[in-house]
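One file, upload_22.cif, carrying mmCIF, C-alpha atoms:
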data_coords
#
loop_
_atom_site.group_PDB
_atom_site.id
_atom_site.type_symbol
_atom_site.label_atom_id
_atom_site.label_comp_id
_atom_site.auth_asym_id
_atom_site.auth_seq_id
_atom_site.Cartn_x
_atom_site.Cartn_y
_atom_site.Cartn_z
ATOM 1 C CA MET A 1 -28.188 26.144 2.724
ATOM 2 C CA LEU A 2 -26.517 24.530 5.742
ATOM 3 C CA ARG A 3 -28.651 21.410 5.268
ATOM 4 C CA VAL A 4 -27.481 21.084 1.657
ATOM 5 C CA LEU A 5 -23.841 21.336 2.708
ATOM 6 C CA LEU A 6 -24.285 18.791 5.501
ATOM 7 C CA TRP A 7 -26.119 16.454 3.119
ATOM 8 C CA LYS A 8 -23.294 16.637 0.575
ATOM 9 C CA LEU A 9 -20.547 16.227 3.172
ATOM 10 C CA GLY A 10 -22.381 13.215 4.613
ATOM 11 C CA SER A 11 -22.727 11.761 1.128
ATOM 12 C CA GLU A 12 -19.009 12.136 0.453
ATOM 13 C CA TRP A 13 -18.191 10.517 3.790
ATOM 14 C CA ALA A 14 -20.478 7.578 2.903
ATOM 15 C CA HIS A 15 -18.704 7.198 -0.453
ATOM 16 C CA LEU A 16 -15.324 7.190 1.289
ATOM 17 C CA LEU A 17 -16.366 4.560 3.825
ATOM 18 C CA ARG A 18 -17.737 2.369 1.033
ATOM 19 C CA ALA A 19 -14.481 2.697 -0.925
ATOM 20 C CA LEU A 20 -12.124 2.056 1.992
ATOM 21 C CA SER A 21 -14.182 -0.383 4.073
ATOM 22 C CA PRO A 22 -16.967 -2.026 2.044
ATOM 23 C CA ARG A 23 -17.670 -4.757 4.634
ATOM 24 C CA PRO A 24 -18.682 -7.413 2.085
ATOM 25 C CA GLY A 25 -20.194 -9.669 4.732
ATOM 26 C CA ASN A 26 -22.802 -7.107 5.746
ATOM 27 C CA LYS A 27 -25.651 -7.047 3.212
ATOM 28 C CA VAL A 28 -29.262 -5.821 3.260
ATOM 29 C CA PHE A 29 -32.329 -5.963 0.996
ATOM 30 C CA TYR A 30 -33.726 -2.886 -0.764
ATOM 31 C CA PHE A 31 -36.994 -2.552 -2.718
ATOM 32 C CA ALA A 32 -36.626 -0.436 -5.878
ATOM 33 C CA PHE A 33 -39.601 0.875 -7.853
ATOM 34 C CA GLY A 34 -38.359 3.980 -9.678
ATOM 35 C CA ALA A 35 -35.199 5.005 -11.519
ATOM 36 C CA ASN A 36 -33.158 2.510 -9.502
ATOM 37 C CA LEU A 37 -34.815 -0.246 -11.536
ATOM 38 C CA SER A 38 -32.451 0.845 -14.318
ATOM 39 C CA PRO A 39 -29.059 -0.912 -14.446
ATOM 40 C CA ASP A 40 -27.629 2.284 -15.927
ATOM 41 C CA VAL A 41 -28.651 4.317 -12.880
ATOM 42 C CA LEU A 42 -27.205 1.704 -10.513
ATOM 43 C CA ALA A 43 -23.973 1.683 -12.487
ATOM 44 C CA GLN A 44 -23.784 5.474 -12.442
ATOM 45 C CA ARG A 45 -24.170 5.432 -8.669
ATOM 46 C CA ARG A 46 -21.709 2.501 -8.333
ATOM 47 C CA PHE A 47 -24.037 0.114 -6.528
ATOM 48 C CA LYS A 48 -23.136 -3.563 -6.521
ATOM 49 C CA VAL A 49 -26.149 -5.914 -6.629
ATOM 50 C CA PHE A 50 -25.510 -9.411 -5.261
ATOM 51 C CA ASP A 51 -29.012 -10.761 -5.861
ATOM 52 C CA ALA A 52 -32.197 -9.411 -7.433
ATOM 53 C CA PHE A 53 -35.751 -10.634 -7.855
ATOM 54 C CA ASP A 54 -39.156 -9.218 -8.729
ATOM 55 C CA TYR A 55 -41.353 -8.263 -5.794
ATOM 56 C CA GLN A 56 -44.783 -6.774 -5.123
ATOM 57 C CA LEU A 57 -45.082 -4.273 -2.295
ATOM 58 C CA GLU A 58 -48.513 -4.691 -0.737
ATOM 59 C CA ASN A 59 -50.850 -1.958 0.518
ATOM 60 C CA ALA A 60 -49.165 0.730 -1.562
ATOM 61 C CA ILE A 61 -49.807 2.393 -4.908
ATOM 62 C CA LEU A 62 -47.300 3.953 -7.307
ATOM 63 C CA ARG A 63 -47.991 7.638 -7.791
ATOM 64 C CA PHE A 64 -45.898 10.586 -8.935
ATOM 65 C CA THR A 65 -46.339 12.548 -5.739
ATOM 66 C CA GLN A 66 -42.745 13.262 -4.668
ATOM 67 C CA PRO A 67 -41.996 16.910 -5.591
ATOM 68 C CA GLY A 68 -39.048 17.319 -7.929
ATOM 69 C CA PHE A 69 -36.886 20.151 -9.178
ATOM 70 C CA TYR A 70 -39.360 21.993 -11.404
ATOM 71 C CA ARG A 71 -42.912 23.283 -11.243
ATOM 72 C CA ASN A 72 -45.330 20.314 -11.278
ATOM 73 C CA HIS A 73 -42.373 17.912 -11.490
ATOM 74 C CA GLY A 74 -42.783 14.624 -9.636
ATOM 75 C CA TYR A 75 -40.960 11.408 -8.815
ATOM 76 C CA ALA A 76 -42.598 8.098 -7.985
ATOM 77 C CA SER A 77 -43.575 7.232 -4.434
ATOM 78 C CA PRO A 78 -45.255 4.077 -3.086
ATOM 79 C CA ASP A 79 -48.054 5.895 -1.284
ATOM 80 C CA SER A 80 -49.877 3.910 1.373
ATOM 81 C CA VAL A 81 -53.220 2.547 0.100
ATOM 82 C CA ASP A 82 -54.802 -0.634 1.459
ATOM 83 C CA GLY A 83 -55.357 -3.392 -1.066
ATOM 84 C CA GLU A 84 -53.068 -1.950 -3.770
ATOM 85 C CA ILE A 85 -49.628 -3.158 -4.856
ATOM 86 C CA VAL A 86 -46.463 -1.624 -6.290
ATOM 87 C CA TYR A 87 -44.343 -3.660 -8.674
ATOM 88 C CA GLY A 88 -40.600 -3.492 -8.337
ATOM 89 C CA ARG A 89 -37.465 -5.423 -7.530
ATOM 90 C CA ILE A 90 -35.669 -6.464 -4.380
ATOM 91 C CA TYR A 91 -31.922 -5.928 -4.517
ATOM 92 C CA GLN A 92 -29.418 -7.404 -2.111
ATOM 93 C CA ILE A 93 -26.766 -4.731 -1.623
ATOM 94 C CA LEU A 94 -24.032 -3.863 0.839
ATOM 95 C CA ALA A 95 -25.103 -2.102 4.012
ATOM 96 C CA ARG A 96 -22.522 0.538 3.111
ATOM 97 C CA ASP A 97 -24.361 1.100 -0.168
ATOM 98 C CA ALA A 98 -27.667 1.316 1.686
ATOM 99 C CA VAL A 99 -26.258 4.303 3.579
ATOM 100 C CA ARG A 100 -25.172 5.848 0.300
ATOM 101 C CA MET A 101 -28.665 5.226 -1.077
ATOM 102 C CA ASP A 102 -30.072 7.242 1.829
ATOM 103 C CA TYR A 103 -28.149 10.251 0.579
ATOM 104 C CA PHE A 104 -29.180 9.770 -3.055
ATOM 105 C CA GLU A 105 -32.796 9.682 -1.842
ATOM 106 C CA GLY A 106 -32.401 12.762 0.335
ATOM 107 C CA VAL A 107 -33.114 11.128 3.691
ATOM 108 C CA PRO A 108 -30.416 12.692 5.904
ATOM 109 C CA PHE A 109 -30.725 16.449 6.408
ATOM 110 C CA LEU A 110 -33.024 17.060 3.397
ATOM 111 C CA ARG A 111 -35.822 14.843 4.762
ATOM 112 C CA ALA A 112 -37.269 14.312 1.277
ATOM 113 C CA HIS A 113 -38.073 10.651 2.002
ATOM 114 C CA ASP A 114 -38.832 8.396 4.924
ATOM 115 C CA LYS A 115 -36.881 5.146 5.028
ATOM 116 C CA ILE A 116 -39.373 2.378 5.783
ATOM 117 C CA TYR A 117 -38.578 -1.176 6.851
ATOM 118 C CA GLN A 118 -40.786 -4.209 6.303
ATOM 119 C CA GLN A 119 -40.357 -7.791 7.432
ATOM 120 C CA THR A 120 -41.373 -10.854 5.427
ATOM 121 C CA LYS A 121 -41.079 -14.478 6.518
ATOM 122 C CA GLN A 122 -37.768 -14.758 4.693
ATOM 123 C CA PHE A 123 -36.077 -11.360 4.980
ATOM 124 C CA GLU A 124 -36.297 -7.728 6.038
ATOM 125 C CA PHE A 125 -36.100 -4.987 3.428
ATOM 126 C CA PHE A 126 -36.386 -1.220 3.199
ATOM 127 C CA PHE A 127 -37.792 1.274 0.722
ATOM 128 C CA TYR A 128 -38.357 5.012 0.489
ATOM 129 C CA ARG A 129 -41.626 6.951 0.640
ATOM 130 C CA ALA A 130 -42.101 10.679 0.060
ATOM 131 C CA THR A 131 -42.412 12.768 3.200
ATOM 132 C CA ARG A 132 -44.434 15.406 1.367
ATOM 133 C CA VAL A 133 -47.123 14.064 -0.966
ATOM 134 C CA ILE A 134 -48.387 16.406 -3.690
ATOM 135 C CA ALA A 135 -51.095 15.276 -6.117
ATOM 136 C CA GLY A 136 -51.041 16.128 -9.816
ATOM 137 C CA LEU A 137 -47.297 16.030 -10.419
ATOM 138 C CA LYS A 138 -45.757 14.704 -13.637
ATOM 139 C CA PRO A 139 -42.580 12.718 -14.301
ATOM 140 C CA THR A 140 -40.108 13.642 -16.989
ATOM 141 C CA ARG A 141 -40.047 11.512 -20.126
ATOM 142 C CA GLU A 142 -36.649 10.105 -19.155
ATOM 143 C CA TYR A 143 -37.803 9.118 -15.668
ATOM 144 C CA LEU A 144 -41.020 7.488 -16.877
ATOM 145 C CA ASP A 145 -39.053 5.503 -19.454
ATOM 146 C CA TYR A 146 -36.842 4.085 -16.685
ATOM 147 C CA LEU A 147 -39.948 2.523 -15.155
ATOM 148 C CA LEU A 148 -41.498 1.388 -18.425
ATOM 149 C CA ASP A 149 -38.288 -0.201 -19.692
ATOM 150 C CA ALA A 150 -37.902 -2.133 -16.441
ATOM 151 C CA TYR A 151 -41.561 -3.158 -16.208
ATOM 152 C CA ARG A 152 -41.557 -4.502 -19.771
ATOM 153 C CA GLN A 153 -38.783 -6.897 -18.769
ATOM 154 C CA MET A 154 -40.575 -8.125 -15.635
ATOM 155 C CA PRO A 155 -42.868 -11.032 -16.587
ATOM 156 C CA GLY A 156 -45.081 -10.784 -13.517
ATOM 157 C CA ILE A 157 -46.486 -7.342 -14.300
ATOM 158 C CA PRO A 158 -49.885 -7.325 -16.091
ATOM 159 C CA GLN A 159 -49.779 -5.713 -19.526
ATOM 160 C CA GLU A 160 -52.746 -3.515 -18.651
ATOM 161 C CA HIS A 161 -50.750 -2.053 -15.768
ATOM 162 C CA ILE A 162 -47.872 -1.214 -18.107
ATOM 163 C CA ASP A 163 -50.263 0.256 -20.659
ATOM 164 C CA ALA A 164 -51.873 2.463 -18.011
ATOM 165 C CA LEU A 165 -48.463 3.663 -16.827
ATOM 166 C CA ALA A 166 -47.441 4.433 -20.406
ATOM 167 C CA LYS A 167 -50.382 6.862 -20.670
ATOM 168 C CA THR A 168 -49.045 8.995 -17.808
ATOM 169 C CA ASP A 169 -48.758 12.652 -18.738
ATOM 170 C CA VAL A 170 -45.133 13.767 -18.721
ATOM 171 C CA LEU A 171 -43.646 17.125 -17.841
ATOM 172 C CA GLU A 172 -43.147 19.167 -20.995
ATOM 173 C CA ASP A 173 -41.954 22.512 -19.632
ATOM 174 C CA MET A 174 -39.181 22.711 -17.021
ATOM 175 C CA LEU A 175 -40.467 25.841 -15.306
ATOM 176 C CA PRO A 176 -38.985 27.257 -12.079
ATOM 177 C CA LEU A 177 -40.578 26.211 -8.802
ATOM 178 C CA ASP A 178 -43.350 28.432 -7.513
ATOM 179 C CA GLN A 179 -43.860 26.710 -4.143
ATOM 180 C CA THR A 180 -41.811 25.775 -1.112
ATOM 181 C CA GLY A 181 -41.766 22.470 0.738
ATOM 182 C CA ILE A 182 -38.367 20.958 1.544
ATOM 183 C CA PHE A 183 -36.259 23.912 2.626
ATOM 184 C CA VAL A 184 -39.156 26.105 3.740
ATOM 185 C CA ARG A 185 -41.620 23.631 5.230
ATOM 186 C CA ASP A 186 -44.519 25.909 6.143
ATOM 187 C CA ILE A 187 -44.472 29.189 4.284
ATOM 188 C CA SER A 188 -47.710 30.284 5.975
ATOM 189 C CA ARG A 189 -45.764 30.823 9.204
ATOM 190 C CA TRP A 190 -43.869 33.672 7.541
ATOM 191 C CA PRO A 191 -45.129 37.197 6.725
ATOM 192 C CA CYS A 192 -46.655 37.502 3.250
ATOM 193 C CA TRP A 193 -44.081 40.060 2.173
ATOM 194 C CA LEU A 194 -41.367 37.402 2.583
ATOM 195 C CA HIS A 195 -43.055 34.718 0.490
ATOM 196 C CA THR A 196 -41.436 35.724 -2.807
ATOM 197 C CA LEU A 197 -37.992 35.627 -1.208
ATOM 198 C CA LEU A 198 -38.693 32.273 0.434
ATOM 199 C CA ILE A 199 -39.845 30.734 -2.842
ATOM 200 C CA GLY A 200 -36.657 32.056 -4.427
ATOM 201 C CA TYR A 201 -34.634 30.490 -1.600
ATOM 202 C CA GLU A 202 -36.368 27.126 -2.092
ATOM 203 C CA ARG A 203 -35.736 27.330 -5.825
ATOM 204 C CA TRP A 204 -32.058 28.155 -5.336
ATOM 205 C CA CYS A 205 -31.489 25.353 -2.812
ATOM 206 C CA LYS A 206 -33.126 22.776 -5.077
ATOM 207 C CA ARG A 207 -31.049 23.941 -8.024
ATOM 208 C CA LEU A 208 -27.942 23.454 -5.908
ATOM 209 C CA VAL A 209 -29.050 19.952 -4.881
ATOM 210 C CA LYS A 210 -29.750 19.031 -8.508
ATOM 211 C CA TYR A 211 -26.345 20.332 -9.609
ATOM 212 C CA ILE A 212 -24.321 18.417 -7.001
ATOM 213 C CA TRP A 213 -26.596 15.344 -6.731
ATOM 214 C CA HIS A 214 -24.456 13.137 -8.973
ATOM 215 C CA ARG A 215 -21.211 15.067 -8.688
ATOM 216 C CA SER A 216 -18.696 13.614 -6.267
ATOM 217 C CA LEU A 217 -14.979 13.804 -5.577
ATOM 218 C CA LEU A 218 -14.913 10.424 -3.845
ATOM 219 C CA GLN A 219 -17.481 8.200 -5.548
ATOM 220 C CA GLN A 220 -14.993 7.312 -8.283
ATOM 221 C CA LEU A 221 -12.894 5.522 -5.666
ATOM 222 C CA ILE A 222 -15.604 2.851 -5.289
ATOM 223 C CA LYS A 223 -14.817 -0.434 -7.011
ATOM 224 C CA THR A 224 -17.852 -2.512 -7.964
#
Rewritten as C-alpha cells:
Amino acid sequence: MLRVLLWKLGSEWAHLLRALSPRPGNKVFYFAFGANLSPDVLAQRRFKVFDAFDYQLENAILRFTQPGFYRNHGYASPDSVDGEIVYGRIYQILARDAVRMDYFEGVPFLRAHDKIYQQTKQFEFFFYRATRVIAGLKPTREYLDYLLDAYRQMPGIPQEHIDALAKTDVLEDMLPLDQTGIFVRDISRWPCWLHTLLIGYERWCKRLVKYIWHRSLLQQLIKT
C-alpha cells in the first residue's frame, strides 16, 4: 500500500515539474512498441512528440508476458531473444516527459518494468522491459488493437508479421487475480495459511493502481 501511495505522489510531482518547468532544450529518445504507439494514448497522457520514426529493436521479441490487472491478463514486453526483432517507433520527447513515462510504466516503487538504455551510432534511447515474465498471458482486445492499428500504418513491417499478431488470443473474461507478483514478490516465503490473504492484498493493490493510473489532479496543467 505504501508503495502505491509513493508511486502516485511521485507521479503527481513529475506532472507538476513538467507543467511548471518543461525544460524544452532537454530531450531524449524513447522506443515505443505497445499502447504508446497510439496517438490517442499519447494525447491522453499529454506527451509532446518532437520527432518520430519507425525502428526495429534487435535481439528482442514481442510477447505478452507482462502481468496485468486480471487473471491471465498480459501487456507486451520486448523479451530478450537473440536474432529476433521488435517493431516500433522512436519518439523524441522531453526529458521531463521521460520521467513521467517511468511512472506510467510502473518503474519507480512498483518495479513493474526495467528501464533499459541502448546506444546506436546516432543516438541513445530507452525502452521498458517487464521485470516479471509470465508465459501464456493474453492482451485485451483494446490493447491488441492499439498495436495492430499502429503496425498497419508502418510500411516497414511485413504483412505476415501483422497477420500473425492479429491471430493472438485475447482475454475474454476479466477474472480477479489468483496469483501474486508485484506487491508480494515471493509468496512461498510466507506460511500457507496466509496465501489467500496475500493474494487478496495483491488483488486489492492492483485494483487501486488501475483506478488511479490515469487519474491526476495535476496532469491537466501540462500544455502540449
Pairwise distance for atom CA of Leu197 of chain A and atom CA of Ile134 of chain A, rounded to one decimal in Å: 22.0 Å
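Once the PyMOL selection byres ((chain A and resi 144) around 9) is applied to the depicted file, the selected set reads A:Gly34, A:Ala35, A:Tyr75, A:Pro139, A:Thr140, A:Arg141, A:Glu142, A:Tyr143, A:Asp145, A:Tyr146, A:Leu147, A:Leu148, A:Asp149, A:Leu165, A:Ala166, A:Thr168, A:Val170.
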Output the selection as a compact mmCIF listing (two decimals), in the coordinates of the input - C-alpha atoms for each residue.
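Output file out_18.txt is given in full below:
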# COMPACT_ATOMS: atom_id res chain seq x y z
CA GLY A 34 -38.36 3.98 -9.68
CA ALA A 35 -35.20 5.00 -11.52
CA TYR A 75 -40.96 11.41 -8.82
CA PRO A 139 -42.58 12.72 -14.30
CA THR A 140 -40.11 13.64 -16.99
CA ARG A 141 -40.05 11.51 -20.13
CA GLU A 142 -36.65 10.10 -19.16
CA TYR A 143 -37.80 9.12 -15.67
CA ASP A 145 -39.05 5.50 -19.45
CA TYR A 146 -36.84 4.08 -16.68
CA LEU A 147 -39.95 2.52 -15.16
CA LEU A 148 -41.50 1.39 -18.42
CA ASP A 149 -38.29 -0.20 -19.69
CA LEU A 165 -48.46 3.66 -16.83
CA ALA A 166 -47.44 4.43 -20.41
CA THR A 168 -49.04 8.99 -17.81
CA VAL A 170 -45.13 13.77 -18.72
Considering all atoms listed in the file, can you say which of A:Arg45, A:Leu94, A:Gly156, A:Asp51 comes closest to Arg18 of chain A?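 Counting all atoms listed in the file, the residue closest to Arg18 of chain A is A:Leu94.
Put simply, atom CA of Asn59 of chain A is 15.5 Å away from atom CA of Ala76 of chain A.
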Would you write out, as a PyMOL selection string, every residue that the PyMOL selection byres ((chain A and resi 50) around 12) captures in this file? chain A and resi 24-30+47-49+51-53+90-95+97+224
As a check of understanding: the span from atom CA of Phe125 of chain A to atom CA of Met154 of chain A is 19.8 Å
Report as a ChimeraX atom specification the residues that result from applying the PyMOL selection byres ((chain A and resi 208) around 12) to the structure here. /A:1-5,7-8,69,183,201-207,209-215
Using only C-alpha atoms, please write the residues we just selected to a file, as a tab-separated table (two decimals), keeping the file's coordinate frame.
chain	number	residue	atom	x	y	z
A	1	MET	CA	-28.19	26.14	2.72
A	2	LEU	CA	-26.52	24.53	5.74
A	3	ARG	CA	-28.65	21.41	5.27
A	4	VAL	CA	-27.48	21.08	1.66
A	5	LEU	CA	-23.84	21.34	2.71
A	7	TRP	CA	-26.12	16.45	3.12
A	8	LYS	CA	-23.29	16.64	0.57
A	69	PHE	CA	-36.89	20.15	-9.18
A	183	PHE	CA	-36.26	23.91	2.63
A	201	TYR	CA	-34.63	30.49	-1.60
A	202	GLU	CA	-36.37	27.13	-2.09
A	203	ARG	CA	-35.74	27.33	-5.82
A	204	TRP	CA	-32.06	28.16	-5.34
A	205	CYS	CA	-31.49	25.35	-2.81
A	206	LYS	CA	-33.13	22.78	-5.08
A	207	ARG	CA	-31.05	23.94	-8.02
A	209	VAL	CA	-29.05	19.95	-4.88
A	210	LYS	CA	-29.75	19.03	-8.51
A	211	TYR	CA	-26.34	20.33	-9.61
A	212	ILE	CA	-24.32	18.42	-7.00
A	213	TRP	CA	-26.60	15.34	-6.73
A	214	HIS	CA	-24.46	13.14	-8.97
A	215	ARG	CA	-21.21	15.07	-8.69
For each of A:Phe123, A:Pro108, A:Ala32, A:Arg132, take the minimum atom-to-atom distance to Val86 of chain A, counting all atoms listed in the file, then give the residue where this is smallest.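 Looking only at the distances to Val86 of chain A, the closest residue turns out to be A:Ala32.
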Quick one: residues within 7 Å of Ser11 of chain A, only C-alpha atoms, excluding same-chain residues fewer than 4 positions away - as a PDB file with C-alpha atoms, in the coordinates of the input?
ATOM      1  CA  TRP A   7     -26.119  16.454   3.119  1.00  0.00           C
ATOM      2  CA  HIS A  15     -18.704   7.198  -0.453  1.00  0.00           C
ATOM      3  CA  ARG A 100     -25.172   5.848   0.300  1.00  0.00           C
ATOM      4  CA  TYR A 103     -28.149  10.251   0.579  1.00  0.00           C
TER       5      TYR A 103
END
Tyr87 of chain A environment, 10 Å, only C-alpha atoms, sequence neighbours closer than 6 positions dropped, as a VMD selection string: chain A and resid 31 to 34 54 to 58 60 to 62 78 147 151 154 156 to 158 161
Every residue with an atom at most 10 Å from (-15.6, 9.9, -3.2) (file coordinates; all atoms listed in the file) is what I'm after, so could you write them as a compact mmCIF listing (two decimals) with C-alpha atoms, in the frame of the given file?
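The resulting file, selection_37.txt, is shown below:
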# COMPACT_ATOMS: atom_id res chain seq x y z
CA SER A 11 -22.73 11.76 1.13
CA GLU A 12 -19.01 12.14 0.45
CA TRP A 13 -18.19 10.52 3.79
CA ALA A 14 -20.48 7.58 2.90
CA HIS A 15 -18.70 7.20 -0.45
CA LEU A 16 -15.32 7.19 1.29
CA LEU A 17 -16.37 4.56 3.82
CA ARG A 18 -17.74 2.37 1.03
CA ALA A 19 -14.48 2.70 -0.92
CA ARG A 215 -21.21 15.07 -8.69
CA SER A 216 -18.70 13.61 -6.27
CA LEU A 217 -14.98 13.80 -5.58
CA LEU A 218 -14.91 10.42 -3.84
CA GLN A 219 -17.48 8.20 -5.55
CA GLN A 220 -14.99 7.31 -8.28
CA LEU A 221 -12.89 5.52 -5.67
CA ILE A 222 -15.60 2.85 -5.29
Using only C-alpha atoms, which protein or nucleic acid residues come within 12 Å of Asn72 of chain A? Drop anything in the same chain fewer than 6 positions from it, and give the result as a ChimeraX atom specification. /A:64-66,134-140,169-179
For Asp186 of chain A, which of A:Leu198, A:Val133, A:Val81, A:Ala43 is the closest residue, counting all atoms listed in the file?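 Nearest to Asp186 of chain A: A:Leu198.
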